Each structure stands twice: as structure tokens, then as C-alpha cells.
Amino acid sequence: MARPSELNRASRALNKINDIKSFPEPLQKKYSSYVKSAPSMILINGLGQSLAFWKTNADQNGSDEKKAYYFLINHIEHNYKEVNKCDSNLFFDVINQMDSDQYRRITNETMEFLKWLKKFATSELAKEE
């Protein structure tokens with residue numbers, strides 16, 4: 001049986017995927033692609049550098065590509081706030097000020113959350129042809 005934290009993580013991920021389902025297919029496809037590649041990017045570059053890259057390319061009012069990056073960052077940030085029971089709007093500042101143990105824990109939590117996002121994106125969102 002799944003642990004309560006795993007069930008909560010899955011529930012948060014499904015809610016985020018359901019939000020993305022309300023957008024047009026091209027955005028769904030971009031988001032799904034980014035979610036699927038995010039864990040590899042984090043493993044290669046680290047969480048902080050990956051977030052910085054995504055933030056640089058994110059724009060809520062931009063192209064589908066930029067919106068997809070925006071939603072990816074937003075979903076990771078929201079998960080962080082839920083897990084840590086905080087409402088800080090300084091997510092990137094917090095990440096940059098963590099000690100190595102905290103950074104490792106948040107990286108692990110982000111990777112676990114991304115597993116669920118990836119599962120639900122694969123099953124629920126529009127697919128590349």
C-alpha cells in the first residue's frame with residue numbers, strides 16, 4: 001500500500017495535470033515533453049540550474065513553449081510549498097540559501113513529484129504523433 005505522503009504527492013500531481021488538460025493540445029504536448037525530460041535534466045545539471053533554465057524560458061503569456069515552462073516551474077514550486085507548509089513567494093531564494101542536506105531533500109522530493117507528473121502526463125495529456 002502506498003504511504004500517505006506518496007498518495008498526497010500523487011493527488012497533487014493529478015490535480016496539476018487536470019489543470020493542464022484544460023489547455024489546447026499543443027501546450028499539453030509541450031508540457032508533457034518537459035515533464036518527461038525534467039528528471040534527466042535535474043540529474044545532469046542539478047535542481048537549481050534546471051530551475052534557472054526553466055525560469056529563463058518561462059512566460060505565462062508567451063508561446064506554448066514558454067507557457068509550458070511556466071507551468072512546470074509553478075507546479076514544482078506549489079509542491080514545495082505544500083510539502084513544507086509554507087507560502088513563501090521567494091521559492092528561488094529559498095532554494096539558493098539551503099544547506100546541502102536541505103538541497104538534497106528538496107531535490108529528492110522534486111524527483112518523486114516529477115515521477116507522478118510524468119505518469120499522469122503520459123496517460124492523460126495529448127501525445128506527440
# chains A, B, ... in the order shown; residues from 1 in each chain; ligands from 1
call {"tool": "residues_around", "arguments": {"residues": "range 34-41 of chain A", "least_positions_apart": "6", "cutoff": "8 Å", "atoms": "only C-alpha atoms", "output": "number ranges by chain"}}
result
A: 50, 68-69, 72, 111, 114, 117-118, 121
call {"tool": "write_last_selection", "arguments": {"atoms": "N, CA and C atoms", "output": "compact mmCIF listing (two decimals), in the first residue's frame"}}
result
# COMPACT_ATOMS: atom_id res chain seq x y z
N SER A 50 18.58 23.68 -13.23
CA SER A 50 17.42 23.33 -14.05
C SER A 50 16.30 24.34 -13.85
N ALA A 68 4.45 26.34 -21.12
CA ALA A 68 4.73 25.01 -20.57
C ALA A 68 5.83 25.08 -19.52
N TYR A 69 6.87 25.85 -19.80
CA TYR A 69 7.92 26.04 -18.80
C TYR A 69 7.37 26.74 -17.55
N LEU A 72 5.44 24.21 -15.52
CA LEU A 72 6.34 23.24 -14.89
C LEU A 72 6.94 23.84 -13.61
N MET A 111 12.04 15.13 -7.49
CA MET A 111 12.13 13.98 -8.39
C MET A 111 10.94 13.02 -8.17
N LEU A 114 7.92 14.64 -9.71
CA LEU A 114 8.01 14.57 -11.17
C LEU A 114 7.66 13.17 -11.69
N LEU A 117 3.95 13.33 -11.93
CA LEU A 117 3.56 14.20 -13.05
C LEU A 117 3.77 13.48 -14.37
N LYS A 118 4.89 12.82 -14.50
CA LYS A 118 5.23 12.10 -15.74
C LYS A 118 4.22 10.98 -16.01
N ALA A 121 0.91 12.69 -16.95
CA ALA A 121 1.04 13.37 -18.23
C ALA A 121 0.99 12.35 -19.37
call {"tool": "atom_distance", "arguments": {"atom1": "CA of Ser32 in chain A", "atom2": "CA of Asn15 in chain A"}}
result
14.5 Å
call {"tool": "closest_residue", "arguments": {"among": "A:Ser100, A:Asn57, A:Asn8, A:Gln28", "to": "Glu112 in chain A", "atoms": "only C-alpha atoms"}}
result
A:Asn8
call {"tool": "closest_residue", "arguments": {"among": "A:Tyr103, A:Lys81, A:Leu27, A:Val94", "to": "Lys66 in chain A", "atoms": "only C-alpha atoms"}}
result
A:Leu27
call {"tool": "residues_around", "arguments": {"residues": "Phe23 in chain A", "least_positions_apart": "3", "cutoff": "12 Å", "atoms": "only C-alpha atoms", "output": "number ranges by chain"}}
result
A: 16-20, 26-31, 64, 67-68, 71, 125-126
call {"tool": "write_last_selection", "arguments": {"atoms": "N, CA, C and O atoms", "output": "PDB file, in the first residue's frame"}}
result
ATOM      1  N   LYS A  16      -2.605  18.915 -10.889  1.00  0.00           N
ATOM      2  CA  LYS A  16      -1.859  19.776 -11.812  1.00  0.00           C
ATOM      3  C   LYS A  16      -2.068  19.332 -13.254  1.00  0.00           C
ATOM      4  O   LYS A  16      -2.233  20.161 -14.150  1.00  0.00           O
ATOM      5  N   ILE A  17      -2.066  18.031 -13.490  1.00  0.00           N
ATOM      6  CA  ILE A  17      -2.285  17.517 -14.843  1.00  0.00           C
ATOM      7  C   ILE A  17      -3.702  17.841 -15.305  1.00  0.00           C
ATOM      8  O   ILE A  17      -3.922  18.219 -16.460  1.00  0.00           O
ATOM      9  N   ASN A  18      -4.670  17.736 -14.415  1.00  0.00           N
ATOM     10  CA  ASN A  18      -6.050  18.091 -14.775  1.00  0.00           C
ATOM     11  C   ASN A  18      -6.150  19.561 -15.155  1.00  0.00           C
ATOM     12  O   ASN A  18      -6.931  19.922 -16.042  1.00  0.00           O
ATOM     13  N   ASP A  19      -5.386  20.420 -14.500  1.00  0.00           N
ATOM     14  CA  ASP A  19      -5.352  21.838 -14.881  1.00  0.00           C
ATOM     15  C   ASP A  19      -4.833  22.003 -16.305  1.00  0.00           C
ATOM     16  O   ASP A  19      -5.374  22.775 -17.093  1.00  0.00           O
ATOM     17  N   ILE A  20      -3.782  21.276 -16.648  1.00  0.00           N
ATOM     18  CA  ILE A  20      -3.171  21.377 -17.976  1.00  0.00           C
ATOM     19  C   ILE A  20      -4.111  20.841 -19.051  1.00  0.00           C
ATOM     20  O   ILE A  20      -4.110  21.322 -20.185  1.00  0.00           O
ATOM     21  N   PRO A  26      -1.451  21.660 -28.300  1.00  0.00           N
ATOM     22  CA  PRO A  26      -0.024  21.988 -28.446  1.00  0.00           C
ATOM     23  C   PRO A  26       0.663  22.302 -27.110  1.00  0.00           C
ATOM     24  O   PRO A  26       1.804  21.884 -26.883  1.00  0.00           O
ATOM     25  N   LEU A  27      -0.032  22.984 -26.217  1.00  0.00           N
ATOM     26  CA  LEU A  27       0.529  23.273 -24.898  1.00  0.00           C
ATOM     27  C   LEU A  27       0.642  21.990 -24.075  1.00  0.00           C
ATOM     28  O   LEU A  27       1.657  21.768 -23.403  1.00  0.00           O
ATOM     29  N   GLN A  28      -0.357  21.145 -24.137  1.00  0.00           N
ATOM     30  CA  GLN A  28      -0.307  19.869 -23.423  1.00  0.00           C
ATOM     31  C   GLN A  28       0.903  19.047 -23.872  1.00  0.00           C
ATOM     32  O   GLN A  28       1.605  18.457 -23.050  1.00  0.00           O
ATOM     33  N   LYS A  29       1.146  19.012 -25.169  1.00  0.00           N
ATOM     34  CA  LYS A  29       2.270  18.240 -25.709  1.00  0.00           C
ATOM     35  C   LYS A  29       3.604  18.802 -25.229  1.00  0.00           C
ATOM     36  O   LYS A  29       4.504  18.052 -24.855  1.00  0.00           O
ATOM     37  N   LYS A  30       3.748  20.124 -25.241  1.00  0.00           N
ATOM     38  CA  LYS A  30       4.990  20.749 -24.768  1.00  0.00           C
ATOM     39  C   LYS A  30       5.196  20.464 -23.284  1.00  0.00           C
ATOM     40  O   LYS A  30       6.282  20.087 -22.865  1.00  0.00           O
ATOM     41  N   TYR A  31       4.160  20.667 -22.496  1.00  0.00           N
ATOM     42  CA  TYR A  31       4.251  20.427 -21.056  1.00  0.00           C
ATOM     43  C   TYR A  31       4.644  18.977 -20.791  1.00  0.00           C
ATOM     44  O   TYR A  31       5.551  18.696 -20.001  1.00  0.00           O
ATOM     45  N   ASP A  64       3.320  28.632 -26.502  1.00  0.00           N
ATOM     46  CA  ASP A  64       3.019  27.383 -25.789  1.00  0.00           C
ATOM     47  C   ASP A  64       4.260  26.855 -25.086  1.00  0.00           C
ATOM     48  O   ASP A  64       4.178  26.342 -23.972  1.00  0.00           O
ATOM     49  N   LYS A  67       4.789  28.975 -21.983  1.00  0.00           N
ATOM     50  CA  LYS A  67       3.739  28.664 -21.004  1.00  0.00           C
ATOM     51  C   LYS A  67       4.009  27.312 -20.342  1.00  0.00           C
ATOM     52  O   LYS A  67       3.806  27.158 -19.141  1.00  0.00           O
ATOM     53  N   ALA A  68       4.452  26.341 -21.122  1.00  0.00           N
ATOM     54  CA  ALA A  68       4.728  25.009 -20.574  1.00  0.00           C
ATOM     55  C   ALA A  68       5.833  25.082 -19.524  1.00  0.00           C
ATOM     56  O   ALA A  68       5.731  24.450 -18.467  1.00  0.00           O
ATOM     57  N   PHE A  71       4.318  26.633 -16.363  1.00  0.00           N
ATOM     58  CA  PHE A  71       3.515  25.698 -15.572  1.00  0.00           C
ATOM     59  C   PHE A  71       4.388  24.663 -14.875  1.00  0.00           C
ATOM     60  O   PHE A  71       4.105  24.280 -13.740  1.00  0.00           O
ATOM     61  N   LEU A 125      -2.569  13.475 -20.957  1.00  0.00           N
ATOM     62  CA  LEU A 125      -2.415  14.628 -21.862  1.00  0.00           C
ATOM     63  C   LEU A 125      -2.273  14.193 -23.323  1.00  0.00           C
ATOM     64  O   LEU A 125      -1.958  13.034 -23.604  1.00  0.00           O
ATOM     65  N   ALA A 126      -2.466  15.154 -24.214  1.00  0.00           N
ATOM     66  CA  ALA A 126      -2.290  14.901 -25.637  1.00  0.00           C
ATOM     67  C   ALA A 126      -0.890  14.393 -25.897  1.00  0.00           C
ATOM     68  O   ALA A 126       0.068  14.823 -25.247  1.00  0.00           O
TER      69      ALA A 126
END
call {"tool": "select_by_dssp", "arguments": {"residues": "range 23-128 of chain A", "states": "helix (DSSP H, G or I)", "output": "JSON, numbers by chain"}}
result
{"A": [25, 26, 27, 28, 29, 30, 31, 32, 33, 34, 35, 36, 37, 38, 39, 40, 41, 42, 43, 44, 45, 47, 48, 49, 50, 51, 52, 53, 54, 55, 56, 57, 64, 65, 66, 67, 68, 69, 70, 71, 72, 73, 74, 75, 76, 77, 78, 79, 80, 81, 82, 83, 84, 91, 92, 93, 94, 95, 96, 97, 100, 101, 102, 103, 104, 105, 106, 107, 108, 109, 110, 111, 112, 113, 114, 115, 116, 117, 118, 119, 120, 121, 122, 123, 124]}
call {"tool": "residues_around", "arguments": {"residues": "Trp116 in chain A", "least_positions_apart": "4", "cutoff": "8 Å", "atoms": "only C-alpha atoms", "output": "number ranges by chain"}}
result
A: 9-10, 13-14, 112, 120
call {"tool": "atom_distance", "arguments": {"atom1": "CA of Arg12 in chain A", "atom2": "CA of Glu65 in chain A"}}
result
22.7 Å
call {"tool": "closest_residue", "arguments": {"among": "A:Gln102, A:Asn79, A:Thr122, A:Asn84", "to": "Ser11 in chain A", "atoms": "only C-alpha atoms"}}
result
A:Asn79
call {"tool": "residues_around", "arguments": {"residues": "Ile73 in chain A", "least_positions_apart": "4", "cutoff": "7 Å", "atoms": "only C-alpha atoms", "output": "MDAnalysis selection string"}}
result
chainID A and resid 51 54:55 69 77
call {"tool": "closest_residue", "arguments": {"among": "A:Gln97, A:Ile76, A:Asn61, A:Phe91", "to": "Lys115 in chain A", "atoms": "only C-alpha atoms"}}
result
A:Ile76
call {"tool": "atom_distance", "arguments": {"atom1": "CA of Ser22 in chain A", "atom2": "CA of Gly62 in chain A"}}
result
17.0 Å
call {"tool": "closest_residue", "arguments": {"among": "A:Ser63, A:Thr107, A:Ser5, A:Asn74", "to": "Leu47 in chain A", "atoms": "only C-alpha atoms"}}
result
A:Thr107
